[in-house]
file target_24.cif (mmCIF, N, CA and C atoms and all ligand atoms)
data_target
loop_
_atom_site.label_atom_id
_atom_site.label_comp_id
_atom_site.auth_asym_id
_atom_site.auth_seq_id
_atom_site.Cartn_x
_atom_site.Cartn_y
_atom_site.Cartn_z
N MET V 1 -44.02 -8.16 3.50
CA MET V 1 -43.39 -9.49 3.37
C MET V 1 -42.81 -9.68 1.98
N LYS V 2 -42.38 -8.60 1.35
CA LYS V 2 -41.80 -8.77 0.02
C LYS V 2 -40.39 -9.33 0.13
N MET V 3 -39.69 -8.90 1.19
CA MET V 3 -38.31 -9.38 1.34
C MET V 3 -38.23 -10.30 2.55
N PRO V 4 -37.94 -11.56 2.33
CA PRO V 4 -37.81 -12.49 3.46
C PRO V 4 -36.70 -12.03 4.40
N ILE V 5 -36.83 -12.40 5.65
CA ILE V 5 -35.89 -11.92 6.67
C ILE V 5 -34.47 -12.43 6.44
N LEU V 6 -34.34 -13.63 5.93
CA LEU V 6 -33.00 -14.21 5.81
C LEU V 6 -32.08 -13.45 4.85
N PRO V 7 -32.56 -13.17 3.64
CA PRO V 7 -31.70 -12.38 2.75
C PRO V 7 -31.36 -11.01 3.33
N ARG V 8 -32.30 -10.44 4.11
CA ARG V 8 -32.02 -9.13 4.72
C ARG V 8 -30.81 -9.23 5.64
N ILE V 9 -30.82 -10.24 6.48
CA ILE V 9 -29.70 -10.42 7.42
C ILE V 9 -28.41 -10.68 6.64
N ALA V 10 -28.56 -11.49 5.60
CA ALA V 10 -27.37 -11.81 4.81
C ALA V 10 -26.80 -10.55 4.18
N SER V 11 -27.67 -9.68 3.67
CA SER V 11 -27.15 -8.47 3.02
C SER V 11 -26.53 -7.54 4.04
N LEU V 12 -27.05 -7.53 5.26
CA LEU V 12 -26.44 -6.70 6.30
C LEU V 12 -25.04 -7.21 6.64
N ALA V 13 -24.89 -8.52 6.60
CA ALA V 13 -23.59 -9.10 6.94
C ALA V 13 -22.57 -8.86 5.84
N VAL V 14 -23.06 -8.72 4.62
CA VAL V 14 -22.16 -8.56 3.49
C VAL V 14 -21.46 -7.19 3.55
N VAL V 15 -22.15 -6.19 4.05
CA VAL V 15 -21.59 -4.83 4.04
C VAL V 15 -20.29 -4.73 4.82
N PRO V 16 -20.24 -5.18 6.08
CA PRO V 16 -18.95 -5.11 6.79
C PRO V 16 -17.85 -5.90 6.10
N CYS V 17 -18.22 -7.02 5.51
CA CYS V 17 -17.22 -7.83 4.80
C CYS V 17 -16.64 -7.04 3.63
N LEU V 18 -17.49 -6.37 2.91
CA LEU V 18 -17.02 -5.58 1.77
C LEU V 18 -16.14 -4.44 2.25
N LEU V 19 -16.51 -3.83 3.37
CA LEU V 19 -15.70 -2.73 3.91
C LEU V 19 -14.32 -3.25 4.28
N MET V 20 -14.27 -4.43 4.89
CA MET V 20 -12.99 -5.00 5.27
C MET V 20 -12.14 -5.28 4.04
N LEU V 21 -12.77 -5.84 3.03
CA LEU V 21 -12.04 -6.13 1.80
C LEU V 21 -11.50 -4.85 1.19
N ALA V 22 -12.32 -3.81 1.21
CA ALA V 22 -11.90 -2.55 0.62
C ALA V 22 -10.70 -1.98 1.36
N SER V 23 -10.67 -2.16 2.68
CA SER V 23 -9.60 -1.56 3.46
C SER V 23 -8.27 -2.29 3.27
N ILE V 24 -8.34 -3.57 2.91
CA ILE V 24 -7.08 -4.29 2.72
C ILE V 24 -6.71 -4.42 1.25
N GLY V 25 -7.56 -3.91 0.38
CA GLY V 25 -7.28 -4.00 -1.05
C GLY V 25 -6.14 -3.09 -1.45
N HIS V 26 -5.63 -3.30 -2.64
CA HIS V 26 -4.49 -2.52 -3.10
C HIS V 26 -4.90 -1.40 -4.05
N ALA V 27 -6.16 -1.42 -4.45
CA ALA V 27 -6.59 -0.44 -5.45
C ALA V 27 -6.51 0.97 -4.88
N PRO V 28 -5.82 1.84 -5.57
CA PRO V 28 -5.79 3.22 -5.11
C PRO V 28 -7.18 3.85 -5.29
N SER V 29 -7.64 4.52 -4.29
CA SER V 29 -8.97 5.13 -4.40
C SER V 29 -8.95 6.46 -3.68
N ALA V 30 -10.06 7.16 -3.75
CA ALA V 30 -10.14 8.47 -3.13
C ALA V 30 -9.93 8.37 -1.63
N GLN V 31 -10.48 7.33 -1.01
CA GLN V 31 -10.35 7.22 0.44
C GLN V 31 -8.93 6.87 0.85
N ALA V 32 -8.20 6.19 -0.03
CA ALA V 32 -6.83 5.82 0.30
C ALA V 32 -5.94 7.06 0.41
N ALA V 33 -6.34 8.12 -0.28
CA ALA V 33 -5.54 9.33 -0.25
C ALA V 33 -5.57 9.98 1.13
N ASP V 34 -6.69 9.79 1.84
CA ASP V 34 -6.82 10.41 3.16
C ASP V 34 -6.18 9.56 4.25
N THR V 35 -6.23 8.26 4.08
CA THR V 35 -5.75 7.34 5.09
C THR V 35 -4.34 6.91 4.72
N PRO V 36 -3.39 7.05 5.66
CA PRO V 36 -2.03 6.60 5.35
C PRO V 36 -2.03 5.13 4.96
N ARG V 37 -1.22 4.81 4.00
CA ARG V 37 -1.07 3.42 3.59
C ARG V 37 -0.21 2.70 4.62
N ARG V 38 -0.71 1.61 5.14
CA ARG V 38 0.02 0.87 6.17
C ARG V 38 0.77 -0.29 5.52
N ILE V 39 2.05 -0.35 5.81
CA ILE V 39 2.89 -1.40 5.22
C ILE V 39 3.48 -2.22 6.37
N GLU V 40 3.10 -3.47 6.41
CA GLU V 40 3.55 -4.35 7.48
C GLU V 40 4.95 -4.89 7.15
N ILE V 41 5.84 -4.77 8.10
CA ILE V 41 7.21 -5.25 7.90
C ILE V 41 7.64 -6.06 9.13
N THR V 42 8.17 -7.22 8.87
CA THR V 42 8.70 -8.04 9.95
C THR V 42 10.20 -7.80 10.07
N ALA V 43 10.64 -7.53 11.27
CA ALA V 43 12.07 -7.36 11.54
C ALA V 43 12.54 -8.54 12.36
N LYS V 44 13.60 -9.17 11.89
CA LYS V 44 14.19 -10.27 12.66
C LYS V 44 15.65 -10.37 12.31
N ARG V 45 16.40 -11.11 13.09
CA ARG V 45 17.80 -11.34 12.77
C ARG V 45 17.90 -12.07 11.44
N PHE V 46 18.51 -11.63 10.40
CA PHE V 46 19.08 -10.31 10.23
C PHE V 46 18.51 -9.75 8.94
N GLU V 47 17.21 -9.58 8.97
CA GLU V 47 16.53 -9.10 7.76
C GLU V 47 15.20 -8.45 8.10
N TYR V 48 14.76 -7.67 7.12
CA TYR V 48 13.40 -7.15 7.16
C TYR V 48 12.63 -7.88 6.07
N ILE V 49 11.40 -8.22 6.37
CA ILE V 49 10.56 -8.89 5.37
C ILE V 49 9.29 -8.07 5.19
N PRO V 50 9.03 -7.52 4.00
CA PRO V 50 9.89 -7.58 2.82
C PRO V 50 11.14 -6.71 3.00
N ALA V 51 12.15 -6.98 2.19
CA ALA V 51 13.40 -6.23 2.28
C ALA V 51 13.35 -4.96 1.44
N GLU V 52 12.33 -4.87 0.56
CA GLU V 52 12.19 -3.68 -0.28
C GLU V 52 10.74 -3.23 -0.29
N VAL V 53 10.56 -1.94 -0.24
CA VAL V 53 9.22 -1.36 -0.23
C VAL V 53 9.20 -0.20 -1.22
N THR V 54 8.13 -0.11 -2.00
CA THR V 54 8.01 1.00 -2.93
C THR V 54 6.81 1.87 -2.53
N VAL V 55 7.07 3.14 -2.39
CA VAL V 55 6.01 4.09 -2.02
C VAL V 55 6.04 5.25 -3.01
N LYS V 56 4.99 6.06 -2.91
CA LYS V 56 4.89 7.20 -3.82
C LYS V 56 5.22 8.49 -3.09
N LYS V 57 5.91 9.35 -3.77
CA LYS V 57 6.19 10.68 -3.22
C LYS V 57 4.85 11.37 -2.92
N GLY V 58 4.74 11.92 -1.73
CA GLY V 58 3.54 12.64 -1.35
C GLY V 58 2.44 11.77 -0.76
N GLU V 59 2.63 10.46 -0.80
CA GLU V 59 1.62 9.54 -0.26
C GLU V 59 1.97 9.22 1.19
N PRO V 60 1.09 9.58 2.13
CA PRO V 60 1.38 9.26 3.54
C PRO V 60 1.42 7.75 3.76
N VAL V 61 2.43 7.31 4.46
CA VAL V 61 2.55 5.88 4.73
C VAL V 61 2.89 5.67 6.21
N VAL V 62 2.58 4.49 6.67
CA VAL V 62 2.98 4.07 8.01
C VAL V 62 3.68 2.73 7.86
N LEU V 63 4.93 2.69 8.24
CA LEU V 63 5.62 1.40 8.30
C LEU V 63 5.29 0.79 9.65
N VAL V 64 4.63 -0.36 9.62
CA VAL V 64 4.28 -1.05 10.85
C VAL V 64 5.30 -2.17 11.03
N LEU V 65 6.19 -1.96 11.97
CA LEU V 65 7.35 -2.84 12.12
C LEU V 65 7.15 -3.79 13.30
N HIS V 66 7.21 -5.07 13.00
CA HIS V 66 7.07 -6.09 14.05
C HIS V 66 8.41 -6.80 14.22
N SER V 67 8.86 -6.90 15.43
CA SER V 67 10.03 -7.75 15.70
C SER V 67 9.55 -9.12 16.15
N THR V 68 10.16 -10.15 15.57
CA THR V 68 9.79 -11.50 16.00
C THR V 68 10.82 -12.07 16.97
N ASP V 69 11.88 -11.30 17.23
CA ASP V 69 12.87 -11.80 18.18
C ASP V 69 13.35 -10.67 19.09
N VAL V 70 14.57 -10.23 18.88
CA VAL V 70 15.17 -9.23 19.77
C VAL V 70 14.78 -7.81 19.36
N ALA V 71 15.27 -6.85 20.08
CA ALA V 71 15.01 -5.45 19.74
C ALA V 71 15.76 -5.09 18.45
N HIS V 72 15.09 -4.36 17.59
CA HIS V 72 15.70 -3.85 16.37
C HIS V 72 15.35 -2.37 16.27
N GLY V 73 15.66 -1.82 15.15
CA GLY V 73 15.29 -0.45 14.88
C GLY V 73 15.39 -0.24 13.39
N ILE V 74 15.05 0.96 12.95
CA ILE V 74 15.25 1.28 11.54
C ILE V 74 15.62 2.75 11.47
N LYS V 75 16.62 3.04 10.64
CA LYS V 75 17.02 4.43 10.49
C LYS V 75 17.32 4.70 9.03
N PHE V 76 16.61 5.68 8.48
CA PHE V 76 16.89 6.18 7.14
C PHE V 76 17.57 7.53 7.33
N ALA V 77 18.88 7.51 7.31
CA ALA V 77 19.62 8.74 7.59
C ALA V 77 19.28 9.84 6.58
N ASP V 78 19.13 9.46 5.30
CA ASP V 78 18.88 10.46 4.26
C ASP V 78 17.49 11.09 4.38
N LEU V 79 16.60 10.42 5.07
CA LEU V 79 15.23 10.93 5.21
C LEU V 79 14.96 11.45 6.62
N ASN V 80 15.99 11.38 7.46
CA ASN V 80 15.84 11.82 8.85
C ASN V 80 14.71 11.08 9.56
N LEU V 81 14.67 9.75 9.34
CA LEU V 81 13.62 8.92 9.94
C LEU V 81 14.25 7.85 10.80
N LYS V 82 13.64 7.61 11.93
CA LYS V 82 14.18 6.60 12.83
C LYS V 82 13.07 6.05 13.71
N ALA V 83 13.13 4.76 13.98
CA ALA V 83 12.19 4.14 14.92
C ALA V 83 12.89 3.02 15.64
N ASP V 84 12.50 2.81 16.88
CA ASP V 84 12.99 1.68 17.66
C ASP V 84 11.89 0.64 17.73
N ILE V 85 12.30 -0.61 17.70
CA ILE V 85 11.34 -1.71 17.80
C ILE V 85 11.77 -2.56 19.00
N GLY V 86 10.92 -2.66 19.97
CA GLY V 86 11.27 -3.41 21.17
C GLY V 86 11.29 -4.91 20.92
N THR V 87 11.81 -5.64 21.86
CA THR V 87 11.83 -7.10 21.78
C THR V 87 10.42 -7.63 21.57
N ALA V 88 10.25 -8.37 20.47
CA ALA V 88 8.95 -8.92 20.09
C ALA V 88 7.86 -7.85 20.04
N GLY V 89 8.27 -6.63 19.80
CA GLY V 89 7.33 -5.51 19.84
C GLY V 89 6.94 -5.01 18.46
N THR V 90 6.07 -4.01 18.48
CA THR V 90 5.61 -3.38 17.25
C THR V 90 5.82 -1.89 17.37
N SER V 91 6.25 -1.30 16.27
CA SER V 91 6.50 0.14 16.25
C SER V 91 5.98 0.69 14.95
N GLU V 92 5.47 1.91 14.99
CA GLU V 92 4.96 2.51 13.76
C GLU V 92 5.79 3.73 13.40
N LEU V 93 6.13 3.80 12.12
CA LEU V 93 6.90 4.93 11.63
C LEU V 93 6.07 5.60 10.53
N ALA V 94 5.51 6.74 10.86
CA ALA V 94 4.63 7.44 9.93
C ALA V 94 5.38 8.58 9.26
N PHE V 95 5.25 8.69 7.95
CA PHE V 95 5.89 9.78 7.25
C PHE V 95 5.28 9.92 5.85
N THR V 96 5.58 11.04 5.24
CA THR V 96 5.18 11.27 3.86
C THR V 96 6.46 11.56 3.08
N PRO V 97 6.86 10.62 2.20
CA PRO V 97 8.10 10.86 1.46
C PRO V 97 7.99 12.11 0.60
N ASP V 98 9.00 12.95 0.67
CA ASP V 98 8.94 14.21 -0.09
C ASP V 98 10.03 14.30 -1.15
N LYS V 99 10.77 13.21 -1.32
CA LYS V 99 11.74 13.21 -2.43
C LYS V 99 11.82 11.82 -3.04
N VAL V 100 12.04 11.84 -4.36
CA VAL V 100 12.12 10.60 -5.12
C VAL V 100 13.52 10.02 -5.00
N GLY V 101 13.60 8.71 -4.94
CA GLY V 101 14.92 8.08 -4.91
C GLY V 101 14.86 6.73 -4.22
N THR V 102 16.02 6.15 -4.06
CA THR V 102 16.15 4.87 -3.35
C THR V 102 16.94 5.13 -2.09
N PHE V 103 16.36 4.73 -0.97
CA PHE V 103 16.96 5.01 0.33
C PHE V 103 17.12 3.71 1.10
N VAL V 104 18.26 3.56 1.71
CA VAL V 104 18.53 2.33 2.45
C VAL V 104 18.47 2.62 3.94
N GLY V 105 17.56 1.91 4.60
CA GLY V 105 17.45 2.03 6.05
C GLY V 105 18.25 0.93 6.71
N HIS V 106 18.93 1.28 7.78
CA HIS V 106 19.75 0.31 8.51
C HIS V 106 19.15 0.05 9.88
N CYS V 107 19.36 -1.17 10.32
CA CYS V 107 18.95 -1.49 11.68
C CYS V 107 19.71 -0.57 12.63
N SER V 108 18.98 0.03 13.57
CA SER V 108 19.59 1.04 14.44
C SER V 108 19.79 0.53 15.86
N HIS V 109 19.60 -0.75 16.04
CA HIS V 109 19.78 -1.32 17.38
C HIS V 109 20.60 -2.59 17.24
N PHE V 110 21.74 -2.63 17.89
CA PHE V 110 22.61 -3.79 17.70
C PHE V 110 21.87 -5.08 18.05
N CYS V 111 21.84 -6.01 17.07
CA CYS V 111 21.04 -7.22 17.26
C CYS V 111 21.83 -8.50 17.01
N GLY V 112 23.15 -8.37 16.81
CA GLY V 112 23.96 -9.57 16.64
C GLY V 112 24.91 -9.46 15.48
N SER V 113 25.43 -10.60 15.05
CA SER V 113 26.52 -10.63 14.07
C SER V 113 26.13 -10.05 12.71
N GLY V 114 24.85 -10.14 12.34
CA GLY V 114 24.43 -9.64 11.03
C GLY V 114 23.81 -8.26 11.08
N HIS V 115 23.97 -7.61 12.21
CA HIS V 115 23.32 -6.30 12.41
C HIS V 115 23.65 -5.29 11.31
N ARG V 116 24.93 -5.23 10.96
CA ARG V 116 25.34 -4.19 10.01
C ARG V 116 24.77 -4.39 8.61
N THR V 117 24.37 -5.60 8.29
CA THR V 117 23.84 -5.85 6.95
C THR V 117 22.32 -6.02 6.96
N THR V 118 21.70 -5.67 8.05
CA THR V 118 20.24 -5.73 8.13
C THR V 118 19.68 -4.42 7.56
N THR V 119 19.16 -4.50 6.34
CA THR V 119 18.73 -3.27 5.68
C THR V 119 17.34 -3.40 5.06
N LEU V 120 16.71 -2.27 4.95
CA LEU V 120 15.40 -2.16 4.30
C LEU V 120 15.52 -1.09 3.22
N THR V 121 15.23 -1.47 1.99
CA THR V 121 15.37 -0.50 0.89
C THR V 121 14.00 0.10 0.56
N LEU V 122 13.98 1.41 0.55
CA LEU V 122 12.75 2.15 0.29
C LEU V 122 12.87 2.86 -1.06
N HIS V 123 12.00 2.50 -1.98
CA HIS V 123 11.97 3.17 -3.27
C HIS V 123 10.84 4.19 -3.25
N VAL V 124 11.17 5.42 -3.52
CA VAL V 124 10.15 6.46 -3.60
C VAL V 124 10.02 6.88 -5.05
N THR V 125 8.84 6.65 -5.60
CA THR V 125 8.62 6.95 -7.01
C THR V 125 7.73 8.19 -7.18
N GLU V 126 7.75 8.76 -8.36
CA GLU V 126 6.97 9.97 -8.66
C GLU V 126 5.49 9.66 -8.67
CU CU P 201 20.40 -4.68 14.40
#
call {"tool": "encode", "arguments": {"input": "target_24.cif", "output": "structure tokens", "more": "lines below"}}
Ligand SMILES: [Cu+2]
result
Amino acid sequence: MKMPILPRIASLAVVPCLLMLASIGHAPSAQAADTPRRIEITAKRFEYIPAEVTVKKGEPVVLVLHSTDVAHGIKFADLNLKADIGTAGTSELAFTPDKVGTFVGHCSHFCGSGHRTTTLTLHVTE
């Protein structure tokens, strides 16, 4: 009876909370190197939110693309990457950038009058 039952339960509950916080944190850590970094992006007429993303060369990433309206897509011609996003759907684009630079992805599915200017800029740093 050295440790009352209540603090025990409380400490058990704290562990999953800490794990959740660690998984959504931004701090680079050893475990982050193994798990692709997930970047949530909203696609809608006629923009991506955020419109710019910075990633590191050699760091595996997954762009998690959500459409809030019609079907969209994303295509980075210079990186040979493409994904389709269904109407109100979610699509994942997994890749590991292997070159440094700034790359502009264009919407690859006609979505209306602003389609041609719907872009996502990807900065790949060393
Ligand atoms: Cu479009």
call {"tool": "residues_near_ligand", "arguments": {"input": "target_24.cif", "ligand": "ligand CU 201 (chain P)", "cutoff": "6.5 Å", "atoms": "all atoms listed in the file", "output": "CSV table (one decimal) with N, CA and C atoms, keeping the file's coordinate frame"}}
result
chain,number,residue,atom,x,y,z
V,71,ALA,N,15.3,-6.8,20.1
V,71,ALA,CA,15.0,-5.4,19.7
V,71,ALA,C,15.8,-5.1,18.4
V,72,HIS,N,15.1,-4.4,17.6
V,72,HIS,CA,15.7,-3.8,16.4
V,72,HIS,C,15.4,-2.4,16.3
V,73,GLY,N,15.7,-1.8,15.2
V,73,GLY,CA,15.3,-0.4,14.9
V,73,GLY,C,15.4,-0.2,13.4
V,107,CYS,N,19.4,-1.2,10.3
V,107,CYS,CA,19.0,-1.5,11.7
V,107,CYS,C,19.7,-0.6,12.6
V,108,SER,N,19.0,0.0,13.6
V,108,SER,CA,19.6,1.0,14.4
V,108,SER,C,19.8,0.5,15.9
V,109,HIS,N,19.6,-0.8,16.0
V,109,HIS,CA,19.8,-1.3,17.4
V,109,HIS,C,20.6,-2.6,17.2
V,110,PHE,N,21.7,-2.6,17.9
V,110,PHE,CA,22.6,-3.8,17.7
V,110,PHE,C,21.9,-5.1,18.0
V,111,CYS,N,21.8,-6.0,17.1
V,111,CYS,CA,21.0,-7.2,17.3
V,111,CYS,C,21.8,-8.5,17.0
V,112,GLY,N,23.2,-8.4,16.8
V,112,GLY,CA,24.0,-9.6,16.6
V,112,GLY,C,24.9,-9.5,15.5
V,114,GLY,N,24.8,-10.1,12.3
V,114,GLY,CA,24.4,-9.6,11.0
V,114,GLY,C,23.8,-8.3,11.1
V,115,HIS,N,24.0,-7.6,12.2
V,115,HIS,CA,23.3,-6.3,12.4
V,115,HIS,C,23.6,-5.3,11.3
V,116,ARG,N,24.9,-5.2,11.0
V,116,ARG,CA,25.3,-4.2,10.0
V,116,ARG,C,24.8,-4.4,8.6
V,118,THR,N,21.7,-5.7,8.0
V,118,THR,CA,20.2,-5.7,8.1
V,118,THR,C,19.7,-4.4,7.6
call {"tool": "atom_distance", "arguments": {"input": "target_24.cif", "atom1": "atom N of Tyr48 (chain V)", "atom2": "CA of Asp34 (chain V)"}}
result
28.4 Å
call {"tool": "select_by_dssp", "arguments": {"input": "target_24.cif", "residues": "region 18-109 of chain V", "states": "helix (DSSP H, G or I)", "output": "list of chain:residue names"}}
result
V:Leu18, V:Leu19, V:Met20, V:Leu21, V:Ala22, V:Ser23, V:Ile24, V:Ala30, V:Gln31, V:Ala32, V:Ala33, V:Asp34, V:Ala77, V:Asp78, V:Leu79
call {"tool": "write_last_selection", "arguments": {"input": "target_24.cif", "atoms": "N, CA and C atoms", "output": "tab-separated table (two decimals), in the coordinates of the input"}}
result
chain	number	residue	atom	x	y	z
V	18	LEU	N	-17.49	-6.37	2.91
V	18	LEU	CA	-17.02	-5.58	1.77
V	18	LEU	C	-16.14	-4.44	2.25
V	19	LEU	N	-16.51	-3.83	3.37
V	19	LEU	CA	-15.70	-2.73	3.91
V	19	LEU	C	-14.32	-3.25	4.28
V	20	MET	N	-14.27	-4.43	4.89
V	20	MET	CA	-12.99	-5.00	5.27
V	20	MET	C	-12.14	-5.28	4.04
V	21	LEU	N	-12.77	-5.84	3.03
V	21	LEU	CA	-12.04	-6.13	1.80
V	21	LEU	C	-11.50	-4.85	1.19
V	22	ALA	N	-12.32	-3.81	1.21
V	22	ALA	CA	-11.90	-2.55	0.62
V	22	ALA	C	-10.70	-1.98	1.36
V	23	SER	N	-10.67	-2.16	2.68
V	23	SER	CA	-9.60	-1.56	3.46
V	23	SER	C	-8.27	-2.29	3.27
V	24	ILE	N	-8.34	-3.57	2.91
V	24	ILE	CA	-7.08	-4.29	2.72
V	24	ILE	C	-6.71	-4.42	1.25
V	30	ALA	N	-10.06	7.16	-3.75
V	30	ALA	CA	-10.14	8.47	-3.13
V	30	ALA	C	-9.93	8.37	-1.63
V	31	GLN	N	-10.48	7.33	-1.01
V	31	GLN	CA	-10.35	7.22	0.44
V	31	GLN	C	-8.93	6.87	0.85
V	32	ALA	N	-8.20	6.19	-0.03
V	32	ALA	CA	-6.83	5.82	0.30
V	32	ALA	C	-5.94	7.06	0.41
V	33	ALA	N	-6.34	8.12	-0.28
V	33	ALA	CA	-5.54	9.33	-0.25
V	33	ALA	C	-5.57	9.98	1.13
V	34	ASP	N	-6.69	9.79	1.84
V	34	ASP	CA	-6.82	10.41	3.16
V	34	ASP	C	-6.18	9.56	4.25
V	77	ALA	N	18.88	7.51	7.31
V	77	ALA	CA	19.62	8.74	7.59
V	77	ALA	C	19.28	9.84	6.58
V	78	ASP	N	19.13	9.46	5.30
V	78	ASP	CA	18.88	10.46	4.26
V	78	ASP	C	17.49	11.09	4.38
V	79	LEU	N	16.60	10.42	5.07
V	79	LEU	CA	15.23	10.93	5.21
V	79	LEU	C	14.96	11.45	6.62
call {"tool": "residues_around", "arguments": {"input": "target_24.cif", "residues": "Asp78 (chain V)", "least_positions_apart": "3", "cutoff": "8 Å", "atoms": "all atoms listed in the file", "output": "VMD selection string"}}
result
chain V and resid 75 81 103 to 105
call {"tool": "atom_distance", "arguments": {"input": "target_24.cif", "atom1": "atom C of Lys99 (chain V)", "atom2": "atom C of Glu40 (chain V)"}}
result
20.7 Å
call {"tool": "atom_distance", "arguments": {"input": "target_24.cif", "atom1": "CA of Arg45 (chain V)", "atom2": "CA of Asp69 (chain V)"}}
result
7.3 Å
call {"tool": "closest_residue", "arguments": {"input": "target_24.cif", "among": "V:His123, V:Lys57, V:Lys82, V:His66", "to": "Pro97 (chain V)", "atoms": "only N, CA and C atoms"}}
result
V:Lys57
call {"tool": "closest_residue", "arguments": {"input": "target_24.cif", "among": "V:Thr102, V:Ala94, V:Ser67, V:Asn80", "to": "Ile41 (chain V)", "atoms": "only N, CA and C atoms"}}
result
V:Ser67
call {"tool": "residues_around", "arguments": {"input": "target_24.cif", "residues": "Glu52 (chain V)", "least_positions_apart": "6", "cutoff": "6 Å", "atoms": "only C-alpha atoms", "output": "CSV table (one decimal) with N, CA and C atoms, in the coordinates of the input"}}
result
chain,number,residue,atom,x,y,z
V,120,LEU,N,16.7,-2.3,5.0
V,120,LEU,CA,15.4,-2.2,4.3
V,120,LEU,C,15.5,-1.1,3.2
V,121,THR,N,15.2,-1.5,2.0
V,121,THR,CA,15.4,-0.5,0.9
V,121,THR,C,14.0,0.1,0.6
V,122,LEU,N,14.0,1.4,0.6
V,122,LEU,CA,12.8,2.2,0.3
V,122,LEU,C,12.9,2.9,-1.1
call {"tool": "build_atoms", "arguments": {"input": "target_24.cif", "residues": "region 60-72 of chain V", "atoms": "N, CA, C and O atoms", "output": "PDB file, in the coordinates of the input"}}
result
ATOM      1  N   PRO V  60       1.090   9.580   2.130  1.00  0.00           N
ATOM      2  CA  PRO V  60       1.380   9.260   3.540  1.00  0.00           C
ATOM      3  C   PRO V  60       1.420   7.750   3.760  1.00  0.00           C
ATOM      4  O   PRO V  60       0.545   7.026   3.282  1.00  0.00           O
ATOM      5  N   VAL V  61       2.430   7.310   4.460  1.00  0.00           N
ATOM      6  CA  VAL V  61       2.550   5.880   4.730  1.00  0.00           C
ATOM      7  C   VAL V  61       2.890   5.670   6.210  1.00  0.00           C
ATOM      8  O   VAL V  61       3.383   6.572   6.890  1.00  0.00           O
ATOM      9  N   VAL V  62       2.580   4.490   6.670  1.00  0.00           N
ATOM     10  CA  VAL V  62       2.980   4.070   8.010  1.00  0.00           C
ATOM     11  C   VAL V  62       3.680   2.730   7.860  1.00  0.00           C
ATOM     12  O   VAL V  62       3.097   1.772   7.363  1.00  0.00           O
ATOM     13  N   LEU V  63       4.930   2.690   8.240  1.00  0.00           N
ATOM     14  CA  LEU V  63       5.620   1.400   8.300  1.00  0.00           C
ATOM     15  C   LEU V  63       5.290   0.790   9.650  1.00  0.00           C
ATOM     16  O   LEU V  63       5.601   1.373  10.696  1.00  0.00           O
ATOM     17  N   VAL V  64       4.630  -0.360   9.620  1.00  0.00           N
ATOM     18  CA  VAL V  64       4.280  -1.050  10.850  1.00  0.00           C
ATOM     19  C   VAL V  64       5.300  -2.170  11.030  1.00  0.00           C
ATOM     20  O   VAL V  64       5.301  -3.158  10.296  1.00  0.00           O
ATOM     21  N   LEU V  65       6.190  -1.960  11.970  1.00  0.00           N
ATOM     22  CA  LEU V  65       7.350  -2.840  12.120  1.00  0.00           C
ATOM     23  C   LEU V  65       7.150  -3.790  13.300  1.00  0.00           C
ATOM     24  O   LEU V  65       6.941  -3.350  14.431  1.00  0.00           O
ATOM     25  N   HIS V  66       7.210  -5.070  13.000  1.00  0.00           N
ATOM     26  CA  HIS V  66       7.070  -6.090  14.050  1.00  0.00           C
ATOM     27  C   HIS V  66       8.410  -6.800  14.220  1.00  0.00           C
ATOM     28  O   HIS V  66       8.970  -7.288  13.247  1.00  0.00           O
ATOM     29  N   SER V  67       8.860  -6.900  15.430  1.00  0.00           N
ATOM     30  CA  SER V  67      10.030  -7.750  15.700  1.00  0.00           C
ATOM     31  C   SER V  67       9.550  -9.120  16.150  1.00  0.00           C
ATOM     32  O   SER V  67       8.649  -9.230  16.977  1.00  0.00           O
ATOM     33  N   THR V  68      10.160 -10.150  15.570  1.00  0.00           N
ATOM     34  CA  THR V  68       9.790 -11.500  16.000  1.00  0.00           C
ATOM     35  C   THR V  68      10.820 -12.070  16.970  1.00  0.00           C
ATOM     36  O   THR V  68      10.673 -13.185  17.432  1.00  0.00           O
ATOM     37  N   ASP V  69      11.880 -11.300  17.230  1.00  0.00           N
ATOM     38  CA  ASP V  69      12.870 -11.800  18.180  1.00  0.00           C
ATOM     39  C   ASP V  69      13.350 -10.670  19.090  1.00  0.00           C
ATOM     40  O   ASP V  69      12.611 -10.208  19.938  1.00  0.00           O
ATOM     41  N   VAL V  70      14.570 -10.230  18.880  1.00  0.00           N
ATOM     42  CA  VAL V  70      15.170  -9.230  19.770  1.00  0.00           C
ATOM     43  C   VAL V  70      14.780  -7.810  19.360  1.00  0.00           C
ATOM     44  O   VAL V  70      14.056  -7.616  18.384  1.00  0.00           O
ATOM     45  N   ALA V  71      15.270  -6.850  20.080  1.00  0.00           N
ATOM     46  CA  ALA V  71      15.010  -5.450  19.740  1.00  0.00           C
ATOM     47  C   ALA V  71      15.760  -5.090  18.450  1.00  0.00           C
ATOM     48  O   ALA V  71      16.908  -5.513  18.249  1.00  0.00           O
ATOM     49  N   HIS V  72      15.090  -4.360  17.590  1.00  0.00           N
ATOM     50  CA  HIS V  72      15.700  -3.850  16.370  1.00  0.00           C
ATOM     51  C   HIS V  72      15.350  -2.370  16.270  1.00  0.00           C
ATOM     52  O   HIS V  72      14.795  -1.774  17.200  1.00  0.00           O
TER      53      HIS V  72
END
